[in-house]
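One file, my_file_28.cif, carrying mmCIF, C-alpha atoms and all ligand atoms:
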```cif
data_protein
#
loop_
_atom_site.label_atom_id
_atom_site.label_comp_id
_atom_site.auth_asym_id
_atom_site.auth_seq_id
_atom_site.Cartn_x
_atom_site.Cartn_y
_atom_site.Cartn_z
CA MET A 690 0.00 0.00 0.00
CA PHE A 691 2.89 2.41 0.72
CA SER A 692 6.09 2.88 -1.28
CA THR A 693 9.31 1.54 0.24
CA GLY A 694 11.19 4.26 2.06
CA LEU A 695 8.08 6.40 2.61
CA LEU A 696 9.27 7.21 6.16
CA LYS A 697 13.04 7.06 5.53
CA ASN A 698 13.60 10.59 6.87
CA ARG A 699 11.59 9.99 10.01
CA ILE A 700 13.01 9.52 13.48
CA ILE A 701 10.03 8.52 15.57
CA LEU A 702 9.49 8.36 19.33
CA ILE A 703 6.73 5.93 20.30
CA THR A 704 5.68 5.95 23.96
CA GLY A 705 4.51 2.53 25.08
CA GLY A 706 6.18 1.15 21.96
CA ALA A 707 7.24 -2.19 23.45
CA THR A 708 3.77 -3.77 23.43
CA GLY A 709 0.45 -3.92 21.63
CA LEU A 710 -0.43 -1.25 19.08
CA GLY A 711 2.74 0.76 19.86
CA ARG A 712 4.90 -2.26 19.00
CA SER A 713 2.94 -2.83 15.79
CA MET A 714 3.43 0.82 14.79
CA ALA A 715 7.17 0.47 15.49
CA PHE A 716 7.37 -2.44 13.03
CA LYS A 717 5.22 -0.74 10.36
CA PHE A 718 7.04 2.62 10.50
CA GLY A 719 10.42 0.88 10.71
CA SER A 720 9.64 -1.30 7.70
CA LEU A 721 9.01 1.91 5.74
CA GLY A 722 12.45 3.25 6.62
CA ALA A 723 11.92 5.16 9.88
CA SER A 724 14.29 4.99 12.85
CA ILE A 725 12.44 4.10 16.02
CA GLY A 726 12.89 5.06 19.67
CA ILE A 727 10.59 3.41 22.20
CA MET A 728 10.02 4.42 25.79
CA SER A 729 8.03 2.94 28.68
CA ARG A 730 8.53 1.52 32.19
CA ASN A 731 9.37 -2.16 31.69
CA GLU A 732 12.98 -2.61 30.56
CA GLN A 733 12.62 -6.29 29.69
CA ARG A 734 9.74 -5.70 27.27
CA LEU A 735 11.55 -2.69 25.75
CA SER A 736 14.77 -4.60 25.12
CA GLY A 737 12.88 -7.60 23.71
CA THR A 738 11.01 -5.44 21.20
CA VAL A 739 14.17 -3.57 20.17
CA GLU A 740 15.92 -6.89 19.62
CA ASP A 741 13.02 -8.04 17.40
CA LEU A 742 12.99 -4.73 15.49
CA ARG A 743 16.73 -4.98 14.84
CA LYS A 744 16.34 -8.57 13.66
CA ALA A 745 13.85 -7.20 11.12
CA GLY A 746 16.54 -4.75 9.91
CA ILE A 747 15.04 -1.72 11.65
CA ASN A 748 17.18 0.96 13.29
CA ALA A 749 15.75 1.03 16.82
CA THR A 750 16.64 1.70 20.40
CA PHE A 751 14.91 2.17 23.77
CA HIS A 752 15.07 4.06 27.04
CA VAL A 753 13.16 3.41 30.24
CA ALA A 754 10.94 6.31 31.34
CA ASP A 755 7.64 6.81 33.13
CA VAL A 756 5.66 9.39 31.13
CA ARG A 757 4.27 10.74 34.41
CA LYS A 758 7.78 12.01 35.22
CA PRO A 759 8.92 14.93 33.01
CA GLU A 760 12.56 14.65 34.09
CA GLU A 761 12.66 10.96 33.08
CA ILE A 762 11.18 11.87 29.68
CA HIS A 763 13.80 14.58 29.19
CA THR A 764 16.68 12.26 30.05
CA ALA A 765 15.28 9.53 27.81
CA VAL A 766 14.81 11.86 24.83
CA ASP A 767 18.39 13.17 25.23
CA ALA A 768 19.75 9.62 25.28
CA LEU A 769 17.60 8.41 22.38
CA GLU A 770 18.48 11.43 20.23
CA ASN A 771 22.19 10.83 20.90
CA GLU A 772 21.79 7.38 19.42
CA LEU A 773 19.22 7.89 16.66
CA GLY A 774 19.44 11.60 15.73
CA GLN A 775 16.83 14.27 16.37
CA PHE A 776 13.21 13.15 16.57
CA ASN A 777 10.79 14.67 14.07
CA THR A 778 7.72 12.56 14.95
CA LEU A 779 6.08 11.73 18.28
CA ILE A 780 3.47 9.04 18.85
CA ASN A 781 1.71 9.52 22.20
CA ASN A 782 0.54 5.93 22.60
CA ALA A 783 1.29 5.02 26.25
CA ALA A 784 -1.87 4.52 28.29
CA GLY A 785 -3.31 3.05 31.44
CA ASN A 786 -6.89 1.86 31.79
CA PHE A 787 -9.18 -0.71 33.43
CA ILE A 788 -12.93 -1.14 33.73
CA SER A 789 -14.44 -0.32 37.09
CA PRO A 790 -17.48 1.36 38.57
CA MET A 791 -16.39 4.88 39.50
CA GLU A 792 -17.40 4.40 43.14
CA TYR A 793 -14.84 1.59 43.57
CA LEU A 794 -11.93 3.82 42.54
CA SER A 795 -9.47 5.37 44.96
CA PRO A 796 -8.06 8.85 44.27
CA ASN A 797 -4.76 7.14 43.46
CA ALA A 798 -6.43 4.97 40.79
CA VAL A 799 -7.87 8.09 39.16
CA ASP A 800 -4.49 9.86 39.37
CA SER A 801 -2.74 6.87 37.87
CA ILE A 802 -4.83 6.94 34.67
CA LEU A 803 -4.99 10.73 34.34
CA GLY A 804 -1.25 10.82 35.00
CA ILE A 805 -0.31 8.33 32.29
CA VAL A 806 -2.79 9.38 29.62
CA LEU A 807 -3.32 13.12 30.06
CA HIS A 808 -0.25 14.38 31.88
CA GLY A 809 2.03 11.90 30.11
CA THR A 810 0.85 13.12 26.71
CA PHE A 811 1.27 16.75 27.79
CA TYR A 812 4.79 16.16 29.13
CA CYS A 813 6.04 14.28 26.04
CA THR A 814 4.50 16.85 23.69
CA LEU A 815 5.99 19.68 25.73
CA ASP A 816 9.45 18.12 25.79
CA LEU A 817 9.65 17.44 22.06
CA GLY A 818 7.67 20.55 21.09
CA LYS A 819 10.16 22.84 22.87
CA ARG A 820 13.04 21.15 21.09
CA TRP A 821 11.31 21.50 17.71
CA ILE A 822 10.45 25.17 18.27
CA GLU A 823 14.02 25.95 19.33
CA ARG A 824 15.44 24.05 16.34
CA LYS A 825 12.85 25.52 13.91
CA SER A 826 12.55 21.98 12.59
CA GLY A 827 8.80 21.43 12.74
CA GLY A 828 7.42 18.02 13.65
CA THR A 829 4.45 15.70 13.68
CA VAL A 830 2.49 14.49 16.69
CA LEU A 831 0.07 11.56 16.53
CA ASN A 832 -2.05 11.03 19.63
CA ILE A 833 -3.81 7.70 20.13
CA VAL A 834 -7.17 8.42 21.77
CA THR A 835 -10.39 6.31 21.81
CA THR A 836 -13.85 6.52 20.30
CA TYR A 837 -15.27 7.47 23.70
CA ALA A 838 -12.98 10.53 23.91
CA THR A 839 -15.85 12.49 22.38
CA THR A 840 -18.81 10.75 24.04
CA GLY A 841 -17.44 9.73 27.44
CA SER A 842 -18.12 6.19 28.63
CA ALA A 843 -19.46 4.48 31.71
CA TYR A 844 -17.02 2.28 33.65
CA VAL A 845 -13.88 3.92 32.24
CA ALA A 846 -14.50 7.50 33.43
CA PRO A 847 -10.83 8.39 34.14
CA SER A 848 -9.73 7.07 30.75
CA ALA A 849 -12.61 8.86 28.99
CA ALA A 850 -11.81 12.15 30.75
CA ALA A 851 -8.10 11.79 30.01
CA LYS A 852 -8.57 10.84 26.35
CA GLY A 853 -11.08 13.69 25.97
CA GLY A 854 -8.37 15.98 27.31
CA VAL A 855 -5.84 14.59 24.85
CA LEU A 856 -8.27 15.23 22.01
CA ALA A 857 -8.67 18.84 23.19
CA LEU A 858 -4.88 19.12 23.37
CA THR A 859 -4.61 17.79 19.81
CA ARG A 860 -7.04 20.40 18.49
CA SER A 861 -5.61 23.24 20.60
CA LEU A 862 -2.02 22.72 19.50
CA ALA A 863 -3.04 22.09 15.89
CA ALA A 864 -4.10 25.73 15.91
CA GLU A 865 -1.36 27.08 18.17
CA TRP A 866 1.75 25.31 16.88
CA ALA A 867 1.04 25.20 13.14
CA LYS A 868 3.09 28.40 12.95
CA TYR A 869 6.11 26.37 14.05
CA GLY A 870 5.45 23.72 11.39
CA ILE A 871 4.20 21.27 14.02
CA ARG A 872 1.25 19.20 12.88
CA HIS A 873 -1.13 17.37 15.23
CA VAL A 874 -3.35 14.41 14.38
CA ALA A 875 -5.14 11.72 16.35
CA ILE A 876 -6.55 8.25 15.85
CA ALA A 877 -9.62 7.05 17.75
CA PRO A 878 -9.43 3.24 17.62
CA GLY A 879 -12.35 0.96 18.40
CA ALA A 880 -11.51 -2.57 19.55
CA PHE A 881 -8.08 -3.96 18.58
CA PRO A 882 -7.15 -6.95 20.74
CA THR A 883 -3.91 -6.53 22.66
CA GLU A 884 -2.81 -8.27 25.83
CA GLY A 885 -2.61 -4.95 27.70
CA ALA A 886 -6.13 -3.85 26.82
CA TRP A 887 -7.85 -7.23 27.00
CA THR A 888 -6.48 -8.19 30.42
CA ARG A 889 -7.86 -4.93 31.83
CA LEU A 890 -11.00 -4.30 29.74
CA ALA A 891 -12.23 -7.69 28.55
CA PRO A 892 -10.76 -10.20 31.02
CA THR A 893 -13.36 -12.94 30.29
CA LYS A 894 -14.53 -14.55 27.03
CA ASP A 895 -18.05 -13.33 27.71
CA LEU A 896 -16.93 -9.69 27.96
CA SER A 897 -14.80 -10.04 24.85
CA ASP A 898 -17.73 -11.61 22.93
CA ARG A 899 -19.99 -8.76 24.00
CA MET A 900 -17.47 -6.24 22.69
CA LEU A 901 -17.35 -8.13 19.40
CA ASP A 902 -21.12 -8.18 19.10
CA ARG A 903 -21.26 -4.37 19.05
CA ILE A 904 -19.21 -4.19 15.86
CA PRO A 905 -21.24 -4.28 12.62
CA PHE A 906 -18.54 -6.36 10.83
CA LYS A 907 -18.58 -8.87 13.73
CA ARG A 908 -14.82 -8.84 13.91
CA PHE A 909 -12.17 -6.83 15.75
CA GLY A 910 -9.74 -4.49 14.00
CA THR A 911 -6.36 -5.83 12.92
CA HIS A 912 -3.11 -4.15 13.83
CA ASP A 913 -2.29 -3.70 10.13
CA GLU A 914 -5.49 -1.73 9.64
CA LEU A 915 -4.52 0.61 12.46
CA THR A 916 -0.87 0.98 11.50
CA ASP A 917 -1.76 1.72 7.85
CA LEU A 918 -3.92 4.63 9.01
CA ALA A 919 -1.19 5.81 11.39
CA THR A 920 1.36 5.66 8.57
CA PHE A 921 -0.79 7.80 6.29
CA LEU A 922 -1.53 10.34 9.02
CA ILE A 923 2.11 10.89 10.00
CA SER A 924 3.35 10.85 6.39
CA ASP A 925 3.84 13.89 4.18
CA GLY A 926 0.82 12.66 2.21
CA ALA A 927 -1.29 14.02 5.08
CA SER A 928 0.62 17.31 5.41
CA PHE A 929 -2.58 19.40 5.32
CA VAL A 930 -4.40 17.24 7.86
CA ASN A 931 -4.11 19.12 11.16
CA GLY A 932 -6.22 18.83 14.32
CA GLU A 933 -8.23 15.92 12.97
CA ALA A 934 -9.05 12.70 14.87
CA VAL A 935 -9.81 9.77 12.59
CA THR A 936 -12.06 7.05 13.97
CA ILE A 937 -11.21 3.45 13.02
CA ASP A 938 -13.76 1.16 14.64
CA GLY A 939 -15.57 -0.76 11.87
CA GLY A 940 -18.59 1.49 12.38
CA GLU A 941 -19.04 0.47 16.04
CA SER A 942 -19.67 3.95 17.44
CA ILE A 943 -22.09 4.94 14.71
CA ALA A 944 -23.99 1.65 14.86
CA ASN A 945 -24.47 1.83 18.61
CA ALA A 946 -25.25 5.53 18.82
CA ALA A 947 -28.03 5.40 16.24
CA GLN A 948 -31.58 5.07 17.56
CA PHE A 949 -32.61 2.09 15.42
CA GLY A 950 -29.36 0.16 15.57
CA PHE A 951 -31.03 -2.44 17.80
CA LEU A 952 -33.12 -3.58 14.81
CA SER A 953 -30.15 -5.52 13.45
CA ASN A 954 -31.24 -8.32 15.82
CA LEU A 955 -34.57 -8.84 13.99
CA ARG A 956 -35.06 -11.92 11.81
CA GLU A 957 -36.54 -12.11 8.30
CA GLN A 958 -39.94 -13.23 9.65
CA ASP A 959 -39.98 -10.24 12.04
CA TRP A 960 -39.43 -7.93 9.08
CA ASN A 961 -42.26 -9.60 7.15
CA THR A 962 -44.62 -8.88 10.03
CA ILE A 963 -43.33 -5.34 10.43
CA ARG A 964 -43.75 -4.66 6.72
CA GLU A 965 -47.42 -5.57 6.99
CA LEU A 966 -47.89 -3.50 10.13
CA THR A 967 -46.15 -0.40 8.83
CA ARG A 968 -47.60 -0.23 5.29
CA LYS A 969 -50.26 2.37 4.76
CA PRO A 970 -53.61 0.58 5.15
CA ARG A 971 -55.28 0.07 1.71
CA GLY A 972 -58.84 1.07 0.88
C1 LIG B 1001 -9.66 -0.83 40.72
C2 LIG B 1001 -7.38 -0.53 40.45
C3 LIG B 1001 -7.34 -1.53 39.44
C4 LIG B 1001 -8.58 -2.18 39.11
C5 LIG B 1001 -5.34 -0.75 39.71
N1 LIG B 1001 -6.12 -0.09 40.58
N2 LIG B 1001 -6.06 -1.62 39.00
N3 LIG B 1001 -8.52 -0.19 41.08
N4 LIG B 1001 -9.71 -1.79 39.76
N5 LIG B 1001 -8.63 -3.10 38.16
C6 LIG B 1001 -5.70 0.92 41.54
C7 LIG B 1001 -4.67 0.40 42.52
O1 LIG B 1001 -5.25 -0.29 43.61
C8 LIG B 1001 -4.00 1.70 42.96
O2 LIG B 1001 -4.79 2.42 43.87
C9 LIG B 1001 -4.03 2.55 41.68
O3 LIG B 1001 -5.05 1.98 40.85
C10 LIG B 1001 -2.73 2.53 40.94
O4 LIG B 1001 -2.40 1.17 40.68
P1 LIG B 1001 -0.89 0.67 40.55
O5 LIG B 1001 -0.91 -0.73 40.10
O6 LIG B 1001 -0.10 1.00 41.76
O7 LIG B 1001 -0.38 1.70 39.44
P2 LIG B 1001 0.56 1.53 38.25
O8 LIG B 1001 1.62 0.50 38.55
O9 LIG B 1001 0.97 2.87 37.88
O10 LIG B 1001 -0.39 0.87 37.09
C11 LIG B 1001 -1.19 1.65 36.29
C12 LIG B 1001 -2.43 0.86 35.87
C13 LIG B 1001 -2.05 -0.50 35.23
C14 LIG B 1001 -3.21 1.76 34.89
C15 LIG B 1001 -3.30 0.60 37.09
O11 LIG B 1001 -3.24 -1.19 34.80
C16 LIG B 1001 -1.10 -0.36 34.07
O12 LIG B 1001 0.10 -0.34 34.26
N6 LIG B 1001 -1.61 -0.21 32.82
C17 LIG B 1001 -0.78 -0.01 31.63
C18 LIG B 1001 -1.29 -0.71 30.39
C19 LIG B 1001 -2.77 -0.53 30.09
O13 LIG B 1001 -3.57 -0.14 30.95
N7 LIG B 1001 -3.13 -0.85 28.85
C20 LIG B 1001 -4.51 -0.77 28.38
C21 LIG B 1001 -4.71 0.39 27.51
S1 LIG B 1001 -6.19 0.17 26.59
P3 LIG B 1001 -4.49 2.37 45.48
O14 LIG B 1001 -5.43 3.36 46.07
O15 LIG B 1001 -4.75 0.95 45.92
O16 LIG B 1001 -3.03 2.75 45.66
C22 LIG B 1001 -6.96 1.68 26.47
C23 LIG B 1001 -8.18 1.88 25.59
C24 LIG B 1001 -9.00 0.68 25.32
O17 LIG B 1001 -6.56 2.60 27.02
C25 LIG B 1001 -10.26 1.04 24.59
C26 LIG B 1001 -11.28 -0.02 24.44
C27 LIG B 1001 -10.97 -1.23 23.66
P1 LIG B 1002 -0.80 -1.79 25.82
O1 LIG B 1002 -0.09 -2.83 25.04
O2 LIG B 1002 -1.09 -2.05 27.26
O3 LIG B 1002 0.01 -0.45 25.65
C1 LIG B 1002 0.14 0.53 26.63
C2 LIG B 1002 1.61 0.87 26.74
O4 LIG B 1002 1.76 2.02 27.57
C3 LIG B 1002 2.45 -0.23 27.35
O5 LIG B 1002 3.53 -0.54 26.49
C4 LIG B 1002 2.96 0.34 28.64
O6 LIG B 1002 4.28 -0.09 28.92
C5 LIG B 1002 2.90 1.84 28.36
N1 LIG B 1002 2.77 2.60 29.59
C6 LIG B 1002 1.79 2.48 30.52
N2 LIG B 1002 2.04 3.31 31.53
C7 LIG B 1002 3.17 3.99 31.22
C8 LIG B 1002 3.91 4.99 31.88
N3 LIG B 1002 3.54 5.47 33.07
N4 LIG B 1002 5.02 5.46 31.26
C9 LIG B 1002 5.42 4.98 30.08
N5 LIG B 1002 4.75 4.04 29.40
C10 LIG B 1002 3.63 3.54 29.98
O7 LIG B 1002 -2.21 -1.44 25.17
P2 LIG B 1002 -2.66 -1.12 23.66
O8 LIG B 1002 -3.98 -1.75 23.49
O9 LIG B 1002 -1.57 -1.41 22.71
O10 LIG B 1002 -2.89 0.46 23.74
C11 LIG B 1002 -2.11 1.36 22.98
C12 LIG B 1002 -2.87 2.66 22.80
O11 LIG B 1002 -4.06 2.43 22.05
C13 LIG B 1002 -3.31 3.30 24.10
O12 LIG B 1002 -3.23 4.71 23.99
C14 LIG B 1002 -4.76 2.91 24.21
O13 LIG B 1002 -5.51 3.79 25.00
C15 LIG B 1002 -5.14 2.98 22.75
N6 LIG B 1002 -6.35 2.23 22.42
C16 LIG B 1002 -6.30 0.88 22.35
C17 LIG B 1002 -7.44 0.19 21.97
C18 LIG B 1002 -7.46 -1.30 21.82
O14 LIG B 1002 -8.50 -1.86 21.48
N7 LIG B 1002 -6.33 -1.99 22.03
C19 LIG B 1002 -8.62 0.89 21.71
C20 LIG B 1002 -8.63 2.27 21.81
C21 LIG B 1002 -7.47 2.93 22.15
P3 LIG B 1002 4.83 -0.31 30.42
O15 LIG B 1002 3.74 -0.97 31.19
O16 LIG B 1002 6.05 -1.14 30.25
O17 LIG B 1002 5.17 1.04 30.93
#
```
Turn this file's structure into structure tokens for me.
Ligand code: HXC
Ligand code: NAP
Amino acid sequence: MFSTGLLKNRIILITGGATGLGRSMAFKFGSLGASIGIMSRNEQRLSGTVEDLRKAGINATFHVADVRKPEEIHTAVDALENELGQFNTLINNAAGNFISPMEYLSPNAVDSILGIVLHGTFYCTLDLGKRWIERKSGGTVLNIVTTYATTGSAYVAPSAAAKGGVLALTRSLAAEWAKYGIRHVAIAPGAFPTEGAWTRLAPTKDLSDRMLDRIPFKRFGTHDELTDLATFLISDGASFVNGEAVTIDGGESIANAAQFGFLSNLREQDWNTIRELTRKPRG
């Protein structure tokens, strides 16, 4: 779908790039010529992914950092840039989340999710943004949000509030930092199975099946589908796309928001009856 070397001039920082969708983006961007720096808390997972990326011929390295700690981010970016060269693309992908009724949460649980998702995204954007403004280099930021960033969602209130904040940040800086040549885009994914998300959001087969049932295609998204969209959005092909969040959910949000979506459960014989009942009476 993309020409070889599409991202050959890109040096990309992916937060949370050792696992799940971040890892898949690292492979996709790397296979198109980008150099990849990944950053998160677990050193073992980071080094394993970097080893795999290098085996695939991708220039990659890692640094441990907690995105809730601005000084750790700064040190990590310095070290990664020493090895890879100066970043020109940032993927704010790191996240924390779990399903829970709000009333079961402690203040620390709320802080944990707001800290990783909202503050972490702010701190990484601030760190790289300041470098890009000083260097007059421009840059591209892709924020991974969720479909419920715009609607909110029961049972994941801290994540919804944090992702909503990240969406507002995306739109705010799209307007404010365009003058520095810094472009902001976002992706709002629906359901893409990863170990990190499924262990915390769909920990039983029943819950996973119920998530599947909401999707009109009756299948989850594949990582390739997501990473293709991410590639387009960060590429120069999307250079006039700024402040936009693209939903990729197989139609799940639209299908479930619409008033008559529940009719998809009706059978042919139900429709035959309904047709008779709803036709204008003759004579
Ligand atoms: C209630 C919980 C909890 C749970 C943790 N806590 N899990 N409370 N139910 N299931 C509470 C803890 O008791 C603690 O509060 C506080 O939250 C912080 O927990 P820690 O484990 O100390 O924090 P930390 O080590 O920072 O872990 C952060 C985490 C964890 C978010 C809790 O799950 C994590 O590391 N997640 C990273 C990966 C992830 O979440 N991936 C999924 C992303 S999917 P107290 O008061 O006891 O100290 C996504 C979108 C999916 O974002 C969209 C739909 C498909
Ligand atoms: P994942 O594999 O659990 O990815 C989350 C990553 O964030 C992990 O690599 C984790 O690494 C890192 N992370 C968490 N806390 C961190 C911290 N404090 N500092 C640095 N890194 C931290 O889950 P995923 O499903 O791939 O999610 C990736 C992104 O997609 C997230 O933004 C998520 O909200 C979004 N999303 C996913 C789905 C889906 O269906 N999978 C749907 C909508 C949106 P460490 O634990 O090692 O730090």
**Request:** Would you mind listing what lies within 12 Å of Glu761 (chain A) as an NGL selection string, with all atoms listed in the file counted and same-chain residues fewer than 3 positions away left out?
**Result:** :A and (728-730 or 752-758 or 764-768 or 809 or 812-813 or 816)
**Request:** Enumerate residues in contact with ligand LIG 1002 (chain B): an atom-to-atom distance of at most 8 Å, counting all atoms listed in the file. Format the result as a ChimeraX atom specification.
**Result:** /A:704-712,728-732,734-735,753-757,781-786,804-806,809,832-836,848,852,877-887
**Message:** Report, in Å to a single decimal, how far apart CA of Ala798 (chain A) and atom O4 of ligand LIG 1001 (chain B) are.
**Reply:**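 Spanning atom O4 of ligand LIG 1001 (chain B) to CA of Ala798 (chain A) is a straight-line distance of 5.5 Å.
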**Message:** Calculated over only C-alpha atoms, which of the candidates A:Asp925, A:Glu865, A:Glu792, A:Asp898 has the smallest distance to Thr778 (chain A)?
**Reply:** A:Asp925
**Asked** Any idea what's packed within 7 Å of Thr920 (chain A), counting all atoms listed in the file, ignoring anything in its chain fewer than 4 positions away? Could you give it as a VMD selection string?
**Response** chain A and resid 718 916 924
**Message:** Would you compute the distance between CA of Asp938 (chain A) and CA of Met690 (chain A)? Give it in Å to one decimal.
**Reply:** 20.1 Å
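CA of Met900 (chain A) is found 18.8 Å from CA of Gln948 (chain A).
Closest approach to ligand LIG 1001 (chain B) among A:Gly932, A:Gly737, A:Pro905, A:Pro847 is made by A:Pro847 (distances from only C-alpha atoms and all ligand atoms).
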Around all the atoms of ligand LIG 1001 (chain B) listed in the file, draw an axis-aligned box and extend it by 6 Å on each of the six sides; I want its centre and edge lengths in Å to one decimal, as JSON.
```
{"center_x": -4.8, "center_y": 0.1, "center_z": 34.9, "size_x": 24.9, "size_y": 18.5, "size_z": 34.4}
```
When you look at Lys825 (chain A) with a cut-off of 12 Å (counting only C-alpha atoms), what residues show up, excluding the ones that are within fewer than 3 positions of it in the same chain? I need them as a PDB file with C-alpha atoms, in the coordinates of the input.
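Produced file around_37.pdb, reproduced below:
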```
ATOM      1  CA  ASN A 777      10.790  14.670  14.070  1.00  0.00           C
ATOM      2  CA  LEU A 817       9.650  17.440  22.060  1.00  0.00           C
ATOM      3  CA  GLY A 818       7.670  20.550  21.090  1.00  0.00           C
ATOM      4  CA  LYS A 819      10.160  22.840  22.870  1.00  0.00           C
ATOM      5  CA  ARG A 820      13.040  21.150  21.090  1.00  0.00           C
ATOM      6  CA  TRP A 821      11.310  21.500  17.710  1.00  0.00           C
ATOM      7  CA  ILE A 822      10.450  25.170  18.270  1.00  0.00           C
ATOM      8  CA  GLY A 828       7.420  18.020  13.650  1.00  0.00           C
ATOM      9  CA  TRP A 866       1.750  25.310  16.880  1.00  0.00           C
ATOM     10  CA  ALA A 867       1.040  25.200  13.140  1.00  0.00           C
ATOM     11  CA  LYS A 868       3.090  28.400  12.950  1.00  0.00           C
ATOM     12  CA  TYR A 869       6.110  26.370  14.050  1.00  0.00           C
ATOM     13  CA  GLY A 870       5.450  23.720  11.390  1.00  0.00           C
ATOM     14  CA  ILE A 871       4.200  21.270  14.020  1.00  0.00           C
TER      15      ILE A 871
END
```
Please provide the set of residues having any atom within 6 Å of Tyr844 (chain A), restricted to only C-alpha atoms, with same-chain residues fewer than 3 positions apart removed, written as a tab-separated table (two decimals) with C-alpha atoms, in the coordinates of the input.
```
chain	number	residue	atom	x	y	z
A	788	ILE	CA	-12.93	-1.14	33.73
A	789	SER	CA	-14.44	-0.32	37.09
A	790	PRO	CA	-17.48	1.36	38.57
```
**Residue nearest ligand LIG 1001 (chain B) - candidates A:Lys717, A:Arg699, A:His763, A:Arg903, atoms counted: only C-alpha atoms and all ligand atoms** =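 Comparing A:Lys717, A:Arg699, A:His763, A:Arg903 against ligand LIG 1001 (chain B), the winner is A:Arg903.
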Please complete region 792-803 of chain A so it has N, CA and C atoms, and hand it over as a compact mmCIF listing (two decimals), in the coordinates of the input.
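The new file part08.txt reads:
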```txt
# COMPACT_ATOMS: atom_id res chain seq x y z
N GLU A 792 -17.38 4.34 41.67
CA GLU A 792 -17.40 4.40 43.14
C GLU A 792 -16.43 3.42 43.79
N TYR A 793 -15.85 2.50 43.02
CA TYR A 793 -14.84 1.59 43.57
C TYR A 793 -13.43 2.18 43.47
N LEU A 794 -13.28 3.29 42.79
CA LEU A 794 -11.93 3.82 42.54
C LEU A 794 -11.42 4.62 43.73
N SER A 795 -10.12 4.50 43.98
CA SER A 795 -9.47 5.37 44.96
C SER A 795 -8.95 6.60 44.21
N PRO A 796 -8.67 7.68 44.94
CA PRO A 796 -8.06 8.85 44.27
C PRO A 796 -6.78 8.47 43.54
N ASN A 797 -6.02 7.54 44.10
CA ASN A 797 -4.76 7.14 43.46
C ASN A 797 -5.00 6.42 42.12
N ALA A 798 -6.10 5.66 42.06
CA ALA A 798 -6.43 4.97 40.79
C ALA A 798 -6.76 6.01 39.72
N VAL A 799 -7.53 7.02 40.10
CA VAL A 799 -7.87 8.09 39.16
C VAL A 799 -6.59 8.80 38.71
N ASP A 800 -5.74 9.14 39.69
CA ASP A 800 -4.49 9.86 39.37
C ASP A 800 -3.61 9.04 38.44
N SER A 801 -3.61 7.73 38.66
CA SER A 801 -2.74 6.87 37.87
C SER A 801 -3.11 6.98 36.38
N ILE A 802 -4.40 6.92 36.08
CA ILE A 802 -4.83 6.94 34.67
C ILE A 802 -4.71 8.35 34.08
N LEU A 803 -5.16 9.36 34.84
CA LEU A 803 -4.99 10.73 34.34
C LEU A 803 -3.51 11.04 34.15
```
